[in-house]
$ cat query37.txt   # compact mmCIF, C-alpha atoms and all ligand atoms
# COMPACT_ATOMS: atom_id res chain seq x y z
CA LEU A 1 11.01 11.38 29.23
CA PRO A 2 8.69 13.96 30.81
CA PRO A 3 6.25 12.70 33.48
CA ILE A 4 2.75 12.28 32.06
CA ASP A 5 -0.18 14.39 33.24
CA GLU A 6 -3.75 13.44 34.07
CA GLY A 7 -5.53 12.47 30.81
CA GLU A 8 -2.28 11.33 29.10
CA ALA A 9 -0.75 7.97 28.30
CA LEU A 10 2.85 7.15 27.41
CA ALA A 11 3.43 4.52 24.75
CA ALA A 12 6.60 2.86 23.47
CA MET A 13 6.76 2.32 19.72
CA ARG A 14 6.93 -1.37 18.85
CA TRP A 15 6.43 -1.35 15.06
CA LEU A 16 6.72 1.15 12.24
CA SER A 17 5.04 0.73 8.87
CA PHE A 18 6.52 2.23 5.70
CA GLU A 19 4.63 3.50 2.69
CA PRO A 20 5.83 5.13 -0.52
CA ALA A 21 3.28 7.93 0.03
CA MET A 22 5.41 9.14 2.96
CA ARG A 23 7.84 10.49 0.38
CA GLY A 24 5.06 12.78 -0.88
CA TRP A 25 4.34 13.97 2.67
CA MET A 26 7.85 15.48 2.65
CA ASP A 27 7.09 17.65 -0.40
CA ASP A 28 6.19 21.25 0.33
CA ARG A 29 2.94 21.39 -1.62
CA ALA A 30 -0.77 20.99 -1.07
CA SER A 31 -1.94 17.41 -0.91
CA TYR A 32 -4.40 15.22 0.97
CA LEU A 33 -2.36 15.73 4.19
CA PRO A 34 -0.37 18.83 5.15
CA PRO A 35 3.38 18.56 4.44
CA VAL A 36 5.58 17.44 7.34
CA GLU A 37 7.28 20.61 8.60
CA LEU A 38 11.07 20.83 8.64
CA GLY A 39 12.29 19.78 12.09
CA ALA A 40 9.03 18.00 12.98
CA VAL A 41 8.82 14.27 13.71
CA MET A 42 8.40 12.40 10.43
CA ARG A 43 4.78 11.23 10.21
CA ALA A 44 4.44 7.44 9.97
CA PRO A 45 1.93 4.75 10.87
CA GLY A 46 2.81 2.21 13.53
CA VAL A 47 1.89 0.19 16.58
CA ALA A 48 2.83 1.24 20.12
CA GLU A 49 2.40 -0.34 23.55
CA ILE A 50 1.00 1.67 26.45
CA ILE A 51 3.61 1.64 29.22
CA GLU A 52 2.08 4.22 31.57
CA SER A 53 -1.46 5.56 31.63
CA ARG A 54 -3.49 8.33 33.24
CA HIS A 55 -5.78 8.34 30.16
CA PRO A 56 -9.35 6.99 30.60
CA ASP A 57 -9.29 4.88 27.40
CA TYR A 58 -5.91 3.10 27.56
CA ALA A 59 -4.47 0.60 30.02
CA VAL A 60 -0.85 -0.47 30.47
CA GLY A 61 -0.12 -3.29 28.01
CA ASP A 62 -2.68 -2.18 25.37
CA LEU A 63 -1.39 -2.17 21.79
CA VAL A 64 -2.54 0.89 19.88
CA GLN A 65 -2.36 1.72 16.17
CA GLY A 66 -2.03 5.23 14.75
CA LEU A 67 0.01 7.81 12.85
CA PHE A 68 2.70 8.10 15.54
CA GLY A 69 5.81 8.97 13.54
CA TRP A 70 9.50 8.12 13.58
CA GLN A 71 10.03 8.26 17.35
CA GLU A 72 10.62 5.76 20.13
CA HIS A 73 7.95 7.05 22.52
CA VAL A 74 4.71 8.89 22.05
CA VAL A 75 2.44 10.77 24.46
CA ILE A 76 -1.26 10.24 23.76
CA ARG A 77 -3.58 12.98 24.97
CA THR A 78 -7.36 13.17 25.18
CA THR A 79 -7.27 15.93 22.53
CA GLY A 80 -6.46 15.17 18.89
CA ASP A 81 -6.65 11.85 17.03
CA GLN A 82 -7.22 8.91 19.34
CA PRO A 83 -5.26 5.82 18.33
CA ARG A 84 -7.22 2.60 17.89
CA THR A 85 -6.74 -0.14 20.49
CA MET A 86 -5.95 -3.36 18.67
CA PRO A 87 -8.24 -6.31 19.37
CA PRO A 88 -6.48 -8.83 21.64
CA GLY A 89 -4.89 -11.66 19.68
CA LEU A 90 -4.50 -9.72 16.41
CA GLU A 91 -0.85 -9.86 15.35
CA PRO A 92 0.53 -6.35 14.64
CA GLU A 93 2.27 -7.70 11.52
CA MET A 94 -1.08 -8.82 10.14
CA ALA A 95 -2.86 -5.63 11.23
CA MET A 96 -0.31 -3.58 9.26
CA SER A 97 -0.29 -5.72 6.11
CA VAL A 98 -2.99 -8.08 4.91
CA LEU A 99 -5.63 -6.56 7.23
CA GLY A 100 -4.22 -3.02 7.15
CA GLY A 101 -4.14 0.06 4.94
CA SER A 102 -2.22 -1.56 2.07
CA ALA A 103 -4.74 -4.35 1.63
CA LEU A 104 -7.72 -2.01 2.09
CA THR A 105 -6.25 0.25 -0.60
CA ALA A 106 -6.16 -2.73 -2.94
CA TYR A 107 -9.71 -3.73 -2.00
CA PHE A 108 -11.41 -0.36 -2.53
CA GLY A 109 -9.26 0.74 -5.47
CA LEU A 110 -9.76 -2.44 -7.44
CA LEU A 111 -13.42 -3.08 -6.66
CA ASP A 112 -14.80 0.45 -6.44
CA ILE A 113 -12.81 2.18 -9.14
CA GLY A 114 -11.65 -0.73 -11.30
CA GLN A 115 -15.03 -2.51 -11.19
CA PRO A 116 -13.63 -5.76 -12.63
CA ARG A 117 -16.03 -8.24 -14.21
CA PRO A 118 -15.46 -12.02 -14.46
CA GLY A 119 -13.44 -12.91 -17.54
CA GLU A 120 -11.84 -9.48 -17.88
CA THR A 121 -8.09 -8.93 -18.04
CA VAL A 122 -6.60 -7.06 -15.08
CA VAL A 123 -2.99 -5.81 -15.08
CA VAL A 124 -1.34 -4.79 -11.78
CA SER A 125 1.99 -2.97 -11.56
CA GLY A 126 4.04 -3.18 -8.36
CA ALA A 127 2.55 -6.67 -8.29
CA ALA A 128 4.87 -8.14 -5.64
CA GLY A 129 4.28 -5.23 -3.25
CA ALA A 130 1.97 -4.81 -0.29
CA VAL A 131 -0.87 -3.24 -2.30
CA GLY A 132 -0.29 -4.84 -5.70
CA SER A 133 -0.10 -8.45 -4.51
CA ILE A 134 -3.48 -8.12 -2.78
CA ALA A 135 -5.09 -6.23 -5.69
CA GLY A 136 -4.14 -9.06 -8.08
CA GLN A 137 -5.41 -11.77 -5.74
CA ILE A 138 -8.75 -10.00 -5.33
CA ALA A 139 -8.98 -9.73 -9.12
CA LYS A 140 -8.45 -13.51 -9.34
CA LEU A 141 -11.11 -14.06 -6.66
CA LYS A 142 -13.48 -12.03 -8.85
CA GLY A 143 -12.83 -14.35 -11.80
CA CYS A 144 -10.45 -12.16 -13.84
CA ARG A 145 -7.32 -13.07 -15.82
CA THR A 146 -4.62 -11.29 -13.86
CA ILE A 147 -1.20 -10.22 -15.10
CA GLY A 148 1.38 -8.70 -12.77
CA VAL A 149 4.34 -6.43 -13.51
CA ALA A 150 7.22 -6.60 -11.01
CA GLY A 151 10.99 -6.20 -10.80
CA GLY A 152 13.11 -9.34 -11.10
CA PRO A 153 12.60 -13.10 -11.49
CA GLU A 154 12.23 -13.86 -7.76
CA LYS A 155 9.37 -11.37 -7.31
CA CYS A 156 7.67 -12.53 -10.51
CA ALA A 157 7.89 -16.18 -9.43
CA TRP A 158 6.29 -15.33 -6.05
CA VAL A 159 3.50 -13.38 -7.77
CA VAL A 160 2.60 -16.36 -9.97
CA GLU A 161 3.37 -19.32 -7.71
CA ALA A 162 2.23 -17.99 -4.32
CA CYS A 163 -0.35 -15.35 -5.26
CA GLY A 164 -1.82 -17.23 -8.23
CA PHE A 165 -1.55 -14.49 -10.91
CA ASP A 166 -1.81 -15.96 -14.42
CA ALA A 167 1.52 -14.39 -15.45
CA CYS A 168 4.00 -11.76 -14.35
CA ILE A 169 6.13 -9.48 -16.53
CA ASP A 170 9.61 -8.74 -15.20
CA TYR A 171 9.96 -5.07 -16.18
CA LYS A 172 13.68 -5.12 -15.37
CA ASN A 173 14.40 -7.86 -17.93
CA ASP A 174 11.42 -8.13 -20.31
CA ASP A 175 10.09 -5.86 -23.05
CA VAL A 176 6.91 -4.81 -21.19
CA ALA A 177 5.02 -3.57 -24.27
CA ALA A 178 5.72 -6.76 -26.24
CA ARG A 179 4.82 -9.05 -23.30
CA LEU A 180 1.58 -7.10 -22.69
CA ARG A 181 0.53 -7.56 -26.32
CA GLU A 182 1.29 -11.27 -26.05
CA LEU A 183 -0.41 -11.83 -22.68
CA CYS A 184 -3.40 -9.52 -23.23
CA PRO A 185 -4.44 -10.12 -26.86
CA GLU A 186 -7.89 -8.59 -26.21
CA GLY A 187 -6.37 -5.58 -24.42
CA VAL A 188 -6.33 -4.52 -20.76
CA ASP A 189 -9.76 -4.00 -19.16
CA VAL A 190 -8.54 -2.86 -15.74
CA TYR A 191 -5.11 -1.47 -14.92
CA PHE A 192 -4.22 -1.11 -11.23
CA GLU A 193 -1.45 1.52 -11.30
CA ASN A 194 1.24 1.62 -8.63
CA VAL A 195 4.27 2.69 -10.66
CA GLY A 196 3.64 5.08 -13.59
CA GLY A 197 6.22 6.07 -16.23
CA ALA A 198 7.11 3.59 -18.97
CA ILE A 199 4.81 0.85 -17.62
CA LEU A 200 1.78 3.16 -17.77
CA GLU A 201 2.72 4.13 -21.31
CA ALA A 202 2.92 0.47 -22.35
CA VAL A 203 -0.51 -0.25 -20.84
CA LEU A 204 -2.08 2.80 -22.53
CA ASP A 205 -0.89 1.35 -25.83
CA ASN A 206 -2.77 -1.87 -25.13
CA LEU A 207 -6.20 -0.87 -23.79
CA ALA A 208 -9.45 -2.75 -24.22
CA MET A 209 -12.60 -0.75 -24.99
CA HIS A 210 -13.94 1.04 -21.86
CA ALA A 211 -10.79 0.28 -19.88
CA ARG A 212 -10.59 1.50 -16.26
CA LEU A 213 -7.25 2.79 -14.97
CA VAL A 214 -7.12 2.78 -11.16
CA MET A 215 -4.55 5.44 -10.21
CA CYS A 216 -3.34 4.21 -6.85
CA GLY A 217 0.32 5.30 -6.94
CA MET A 218 3.13 6.27 -9.30
CA ILE A 219 6.25 5.44 -7.32
CA SER A 220 8.65 5.73 -10.26
CA GLY A 221 8.13 9.52 -10.10
CA TYR A 222 8.26 10.14 -6.34
CA ASN A 223 11.97 11.04 -6.31
CA ASP A 224 12.30 12.28 -9.91
CA THR A 225 10.24 14.41 -12.18
CA GLN A 226 8.31 11.95 -14.24
CA PRO A 227 7.75 12.56 -17.94
CA GLY A 228 4.03 12.25 -18.59
CA PRO A 229 2.87 9.43 -20.82
CA SER A 230 3.07 10.57 -24.42
CA ASN A 231 0.00 8.52 -25.38
CA LEU A 232 -2.79 9.64 -23.03
CA SER A 233 -4.95 10.18 -26.10
CA ARG A 234 -5.40 6.39 -26.26
CA LEU A 235 -8.01 6.91 -23.53
CA ILE A 236 -10.13 8.80 -26.04
CA ALA A 237 -10.10 6.19 -28.76
CA PHE A 238 -10.79 3.39 -26.27
CA ARG A 239 -13.29 5.38 -24.12
CA GLY A 240 -11.06 4.74 -21.13
CA ARG A 241 -11.45 6.17 -17.65
CA MET A 242 -8.55 7.06 -15.38
CA GLN A 243 -9.31 7.87 -11.74
CA GLY A 244 -7.19 8.57 -8.70
CA PHE A 245 -8.24 7.80 -5.13
CA ILE A 246 -6.93 7.90 -1.57
CA LEU A 247 -7.76 5.22 0.96
CA PHE A 248 -9.11 7.88 3.36
CA ASP A 249 -12.03 8.35 0.90
CA TYR A 250 -13.34 5.02 2.17
CA ALA A 251 -13.14 5.81 5.91
CA SER A 252 -16.82 4.99 6.41
CA ARG A 253 -16.46 1.56 4.73
CA MET A 254 -13.38 0.19 6.55
CA HIS A 255 -15.44 -2.46 8.34
CA GLU A 256 -16.67 -3.84 5.01
CA GLY A 257 -13.12 -4.05 3.63
CA THR A 258 -11.62 -5.63 6.74
CA THR A 259 -14.42 -8.17 6.98
CA ALA A 260 -13.95 -9.24 3.35
CA LEU A 261 -10.16 -9.48 3.69
CA ALA A 262 -10.38 -11.40 6.98
CA GLY A 263 -12.86 -13.81 5.39
CA TRP A 264 -10.59 -14.57 2.41
CA LEU A 265 -7.62 -14.90 4.74
CA GLN A 266 -9.47 -17.40 6.93
CA GLU A 267 -10.43 -19.41 3.85
CA GLY A 268 -6.74 -19.55 2.85
CA LYS A 269 -7.39 -17.47 -0.29
CA LEU A 270 -4.98 -14.58 0.38
CA ARG A 271 -1.19 -14.80 0.49
CA TYR A 272 1.04 -12.03 1.79
CA ARG A 273 4.54 -11.48 3.04
CA THR A 274 6.12 -8.95 5.34
CA ASP A 275 9.68 -7.64 5.27
CA VAL A 276 10.69 -6.94 8.88
CA GLN A 277 13.79 -4.81 9.53
CA ARG A 278 14.98 -4.06 13.04
CA GLY A 279 16.38 -1.17 15.07
CA PHE A 280 15.51 2.53 15.28
CA GLU A 281 18.82 3.52 13.66
CA ASN A 282 17.70 1.66 10.52
CA VAL A 283 14.51 3.68 10.01
CA PRO A 284 15.72 5.87 7.08
CA ARG A 285 17.48 2.93 5.39
CA THR A 286 14.32 0.85 5.72
CA PHE A 287 12.23 3.60 4.11
CA LEU A 288 14.59 3.66 1.12
CA ARG A 289 14.08 -0.08 0.51
CA LEU A 290 10.70 0.82 -1.02
CA PHE A 291 12.42 2.85 -3.72
CA SER A 292 15.21 0.38 -4.52
CA GLY A 293 12.72 -2.49 -4.60
CA GLU A 294 14.65 -4.39 -1.91
CA ASN A 295 11.48 -4.87 0.14
CA GLN A 296 9.93 -8.32 -0.15
CA GLY A 297 6.31 -7.52 0.66
CA LYS A 298 4.95 -5.08 3.23
CA GLN A 299 7.84 -3.05 4.65
CA LEU A 300 7.87 -2.98 8.47
CA LEU A 301 10.40 -2.30 11.20
CA LYS A 302 10.36 -3.76 14.68
CA LEU A 303 11.62 -1.66 17.56
N1 LIG A 401 -3.92 5.83 -3.12
C1 LIG A 401 -3.71 5.38 -1.89
O1 LIG A 401 -4.50 5.62 -0.96
C2 LIG A 401 -2.50 4.55 -1.61
C3 LIG A 401 -2.35 3.90 -0.37
C4 LIG A 401 -1.22 3.09 -0.18
C5 LIG A 401 -0.29 2.95 -1.20
N2 LIG A 401 -0.46 3.62 -2.38
C6 LIG A 401 0.48 3.49 -3.49
O2 LIG A 401 0.57 2.12 -3.81
C7 LIG A 401 1.85 1.84 -4.39
C8 LIG A 401 2.44 0.60 -3.72
O3 LIG A 401 2.67 0.87 -2.34
P1 LIG A 401 3.13 -0.30 -1.35
O4 LIG A 401 3.02 0.23 0.03
O5 LIG A 401 2.39 -1.54 -1.72
O6 LIG A 401 4.67 -0.47 -1.69
P2 LIG A 401 5.37 -1.79 -2.26
O7 LIG A 401 4.79 -2.07 -3.60
O8 LIG A 401 5.33 -2.85 -1.22
O9 LIG A 401 6.88 -1.29 -2.40
C9 LIG A 401 7.23 -0.40 -3.40
C10 LIG A 401 7.66 -1.15 -4.67
O10 LIG A 401 7.65 -0.24 -5.76
C11 LIG A 401 8.50 -0.73 -6.76
N3 LIG A 401 9.29 0.37 -7.32
C12 LIG A 401 10.06 1.27 -6.66
N4 LIG A 401 10.63 2.15 -7.53
C13 LIG A 401 10.21 1.77 -8.77
C14 LIG A 401 10.43 2.28 -10.08
N5 LIG A 401 11.21 3.34 -10.31
N6 LIG A 401 9.83 1.64 -11.12
C15 LIG A 401 9.04 0.57 -10.91
N7 LIG A 401 8.77 0.05 -9.69
C16 LIG A 401 9.35 0.65 -8.64
C17 LIG A 401 9.41 -1.77 -6.12
O11 LIG A 401 8.98 -3.04 -6.61
P3 LIG A 401 9.81 -3.79 -7.80
O12 LIG A 401 10.88 -4.54 -7.09
O13 LIG A 401 8.77 -4.61 -8.41
O14 LIG A 401 10.40 -2.70 -8.66
C18 LIG A 401 9.08 -1.67 -4.64
O15 LIG A 401 9.18 -2.91 -3.99
C19 LIG A 401 2.68 3.10 -4.23
O16 LIG A 401 2.68 3.81 -5.45
C20 LIG A 401 1.92 3.88 -3.17
O17 LIG A 401 2.14 5.26 -3.25
C21 LIG A 401 -1.56 4.41 -2.59
$ encode --input "query37.txt" --output "structure tokens"
Amino acid sequence: LPPIDEGEALAAMRWLSFEPAMRGWMDDRASYLPPVELGAVMRAPGVAEIIESRHPDYAVGDLVQGLFGWQEHVVIRTTGDQPRTMPPGLEPEMAMSVLGGSALTAYFGLLDIGQPRPGETVVVSGAAGAVGSIAGQIAKLKGCRTIGVAGGPEKCAWVVEACGFDACIDYKNDDVAARLRELCPEGVDVYFENVGGAILEAVLDNLAMHARLVMCGMISGYNDTQPGPSNLSRLIAFRGRMQGFILFDYASRMHEGTTALAGWLQEGKLRYRTDVQRGFENVPRTFLRLFSGENQGKQLLKL
């Protein structure tokens, strides 16, 4: 490791956080962040511990959170993005899951774009995941009937029994379209989209009037070209609205989101789980767990 200069701090990575969107960062095309260059460190969020400091804002032992990347050490300089120092006592696992970007994505996407009203029917795909499980629980807190879609009986059982969804459709074993018709006889008012493909098509066929489709992610197409839904015209007949968003859009409202999430957590109203892998050599394998569905909740890796 090179010696650090005046104004720099050296940090050792302690945790990495994995998100499906990182797959998109590898694509060579314009998006909300520039593509990761070939040969560059793969961009990734995480938590690091300051182990040496000549930087005015960081002391040895501080835990800092930022977009550090897949590397074991990071040099923090006074120029560029300054990582956030974590408040003492806040567990990194919690800061990267139920109080982190995944949960905030659920909060702003559901409430700001989905605008759920009490009594409405909300469907969430990727319902056992880091974002989806929180989106569904917030919908329940807002008085909605909430139906999840997830892969496999274990995930569906967790979604209903731990997270309190009214039902969960196992897309790997059930006929999604038939189950949606059965579980949402009045149609779907809000759809929180994490997956795309056939599940989106089934929801479009079962819309309520003035439905809102919150386009958060479409993971089923991140590694393949995804055939578009053949029935987008259902939006016209049902006066539906489909809107994408990126968490960064809400940068000025993070305090609001974190305060609400922390409040529900303290009241015992939010459940979450983290899937912690270990060892730097397992970084690529851990990333791929998001795409095989092996991850049980927020995917993290401890170094
Ligand atoms: N817009 C934003 O700002 C923003 C921010 C963060 C995340 N996101 C999006 O939110 C979504 C969820 O992210 P997350 O971090 O919470 O991940 P996650 O849901 O914890 O993990 C990904 C899950 O996706 C499911 N999946 C993978 N391939 C699939 C396929 N072909 N068909 C159906 N399901 C598949 C798997 O669940 P099953 O086992 O149930 O198949 C897997 O566990 C992603 O689409 C992500 O891109 C958007």
$ atom_distance --input "query37.txt" --atom1 "atom O1 of ligand LIG 401 (chain A)" --atom2 "atom CA of A:Thr105"
5.7 Å
$ residues_near_ligand --input "query37.txt" --ligand "ligand LIG 401 (chain A)" --cutoff "6 Å" --atoms "all atoms listed in the file" --output "ChimeraX atom specification"
/A:19-21,102,105,126,128-132,150-151,194-195,216-220,245-247,290-293,295,297-298
$ closest_residue --input "query37.txt" --among "A:Cys163, A:Leu213, A:Met96, A:Leu104" --to "A:Arg271" --atoms "all atoms listed in the file"
A:Cys163
$ residues_around --input "query37.txt" --residues "A:Ala237" --least-positions-apart "5" --cutoff "10 Å" --atoms "all atoms listed in the file" --output "list in words"
Leu207, Met209, His210 and Leu232 of chain A
$ atom_distance --input "query37.txt" --atom1 "atom CA of A:His255" --atom2 "atom CA of A:Gly101"
12.1 Å
$ atom_distance --input "query37.txt" --atom1 "atom CA of A:Val64" --atom2 "atom CA of A:Glu49"
6.3 Å
$ residues_around --input "query37.txt" --residues "A:Ser17" --least-positions-apart "4" --cutoff "6 Å" --atoms "all atoms listed in the file" --output "list of chain:residue names"
A:Pro45, A:Gly46, A:Leu300
$ residues_near_point --input "query37.txt" --point "(-5.1, 2.9, -15.3)" --cutoff "12 Å" --atoms "all atoms listed in the file" --output "mmCIF file with C-alpha atoms, in the frame of the given file"
data_model
loop_
_atom_site.group_PDB
_atom_site.id
_atom_site.type_symbol
_atom_site.label_atom_id
_atom_site.label_comp_id
_atom_site.auth_asym_id
_atom_site.auth_seq_id
_atom_site.Cartn_x
_atom_site.Cartn_y
_atom_site.Cartn_z
ATOM 1 C CA GLY A 109 -9.260 0.740 -5.470
ATOM 2 C CA LEU A 110 -9.760 -2.440 -7.440
ATOM 3 C CA ILE A 113 -12.810 2.180 -9.140
ATOM 4 C CA GLY A 114 -11.650 -0.730 -11.300
ATOM 5 C CA VAL A 122 -6.600 -7.060 -15.080
ATOM 6 C CA VAL A 123 -2.990 -5.810 -15.080
ATOM 7 C CA VAL A 124 -1.340 -4.790 -11.780
ATOM 8 C CA SER A 125 1.990 -2.970 -11.560
ATOM 9 C CA VAL A 188 -6.330 -4.520 -20.760
ATOM 10 C CA ASP A 189 -9.760 -4.000 -19.160
ATOM 11 C CA VAL A 190 -8.540 -2.860 -15.740
ATOM 12 C CA TYR A 191 -5.110 -1.470 -14.920
ATOM 13 C CA PHE A 192 -4.220 -1.110 -11.230
ATOM 14 C CA GLU A 193 -1.450 1.520 -11.300
ATOM 15 C CA ASN A 194 1.240 1.620 -8.630
ATOM 16 C CA VAL A 195 4.270 2.690 -10.660
ATOM 17 C CA GLY A 196 3.640 5.080 -13.590
ATOM 18 C CA GLY A 197 6.220 6.070 -16.230
ATOM 19 C CA ILE A 199 4.810 0.850 -17.620
ATOM 20 C CA LEU A 200 1.780 3.160 -17.770
ATOM 21 C CA GLU A 201 2.720 4.130 -21.310
ATOM 22 C CA ALA A 202 2.920 0.470 -22.350
ATOM 23 C CA VAL A 203 -0.510 -0.250 -20.840
ATOM 24 C CA LEU A 204 -2.080 2.800 -22.530
ATOM 25 C CA ASP A 205 -0.890 1.350 -25.830
ATOM 26 C CA ASN A 206 -2.770 -1.870 -25.130
ATOM 27 C CA LEU A 207 -6.200 -0.870 -23.790
ATOM 28 C CA ALA A 208 -9.450 -2.750 -24.220
ATOM 29 C CA HIS A 210 -13.940 1.040 -21.860
ATOM 30 C CA ALA A 211 -10.790 0.280 -19.880
ATOM 31 C CA ARG A 212 -10.590 1.500 -16.260
ATOM 32 C CA LEU A 213 -7.250 2.790 -14.970
ATOM 33 C CA VAL A 214 -7.120 2.780 -11.160
ATOM 34 C CA MET A 215 -4.550 5.440 -10.210
ATOM 35 C CA CYS A 216 -3.340 4.210 -6.850
ATOM 36 C CA GLY A 217 0.320 5.300 -6.940
ATOM 37 C CA MET A 218 3.130 6.270 -9.300
ATOM 38 C CA PRO A 229 2.870 9.430 -20.820
ATOM 39 C CA LEU A 232 -2.790 9.640 -23.030
ATOM 40 C CA ARG A 234 -5.400 6.390 -26.260
ATOM 41 C CA LEU A 235 -8.010 6.910 -23.530
ATOM 42 C CA GLY A 240 -11.060 4.740 -21.130
ATOM 43 C CA ARG A 241 -11.450 6.170 -17.650
ATOM 44 C CA MET A 242 -8.550 7.060 -15.380
ATOM 45 C CA GLN A 243 -9.310 7.870 -11.740
ATOM 46 C CA GLY A 244 -7.190 8.570 -8.700
ATOM 47 C CA PHE A 245 -8.240 7.800 -5.130
#
$ closest_residue --input "query37.txt" --among "A:Asp28, A:Asn223, A:Glu161, A:Pro153" --to "A:Leu288" --atoms "only C-alpha atoms"
A:Asn223
$ closest_residue --input "query37.txt" --among "A:Ala11, A:Phe108, A:Met94, A:Glu52" --to "A:Phe248" --atoms "all atoms listed in the file"
A:Phe108
$ closest_residue --input "query37.txt" --among "A:Gly66, A:Val74, A:Cys156, A:Arg23" --to "A:Ile4" --atoms "all atoms listed in the file"
A:Val74
$ residues_around --input "query37.txt" --residues "A:Ile147" --least-positions-apart "4" --cutoff "10 Å" --atoms "all atoms listed in the file" --output "list in words"
Thr121, Val122, Val123, Val124, Ser125, Ala127, Gly136, Ala139, Lys140, Val159, Val160, Gly164, Phe165, Asp166, Ala167, Cys168, Ile169, Leu180, Leu183, Cys184, Val188 and Tyr191 of chain A
$ write_last_selection --input "query37.txt" --atoms "C-alpha atoms" --output "PDB file, in the frame of the given file"
ATOM      1  CA  THR A 121      -8.090  -8.930 -18.040  1.00  0.00           C
ATOM      2  CA  VAL A 122      -6.600  -7.060 -15.080  1.00  0.00           C
ATOM      3  CA  VAL A 123      -2.990  -5.810 -15.080  1.00  0.00           C
ATOM      4  CA  VAL A 124      -1.340  -4.790 -11.780  1.00  0.00           C
ATOM      5  CA  SER A 125       1.990  -2.970 -11.560  1.00  0.00           C
ATOM      6  CA  ALA A 127       2.550  -6.670  -8.290  1.00  0.00           C
ATOM      7  CA  GLY A 136      -4.140  -9.060  -8.080  1.00  0.00           C
ATOM      8  CA  ALA A 139      -8.980  -9.730  -9.120  1.00  0.00           C
ATOM      9  CA  LYS A 140      -8.450 -13.510  -9.340  1.00  0.00           C
ATOM     10  CA  VAL A 159       3.500 -13.380  -7.770  1.00  0.00           C
ATOM     11  CA  VAL A 160       2.600 -16.360  -9.970  1.00  0.00           C
ATOM     12  CA  GLY A 164      -1.820 -17.230  -8.230  1.00  0.00           C
ATOM     13  CA  PHE A 165      -1.550 -14.490 -10.910  1.00  0.00           C
ATOM     14  CA  ASP A 166      -1.810 -15.960 -14.420  1.00  0.00           C
ATOM     15  CA  ALA A 167       1.520 -14.390 -15.450  1.00  0.00           C
ATOM     16  CA  CYS A 168       4.000 -11.760 -14.350  1.00  0.00           C
ATOM     17  CA  ILE A 169       6.130  -9.480 -16.530  1.00  0.00           C
ATOM     18  CA  LEU A 180       1.580  -7.100 -22.690  1.00  0.00           C
ATOM     19  CA  LEU A 183      -0.410 -11.830 -22.680  1.00  0.00           C
ATOM     20  CA  CYS A 184      -3.400  -9.520 -23.230  1.00  0.00           C
ATOM     21  CA  VAL A 188      -6.330  -4.520 -20.760  1.00  0.00           C
ATOM     22  CA  TYR A 191      -5.110  -1.470 -14.920  1.00  0.00           C
TER      23      TYR A 191
END
$ closest_residue --input "query37.txt" --among "A:Leu301, A:Val60, A:Leu90, A:Ala30" --to "A:Glu281" --atoms "all atoms listed in the file"
A:Leu301
$ residues_around --input "query37.txt" --residues "A:Val36" --least-positions-apart "4" --cutoff "7 Å" --atoms "only C-alpha atoms" --output "NGL selection string"
:A and (25-26 or 40 or 42-43)
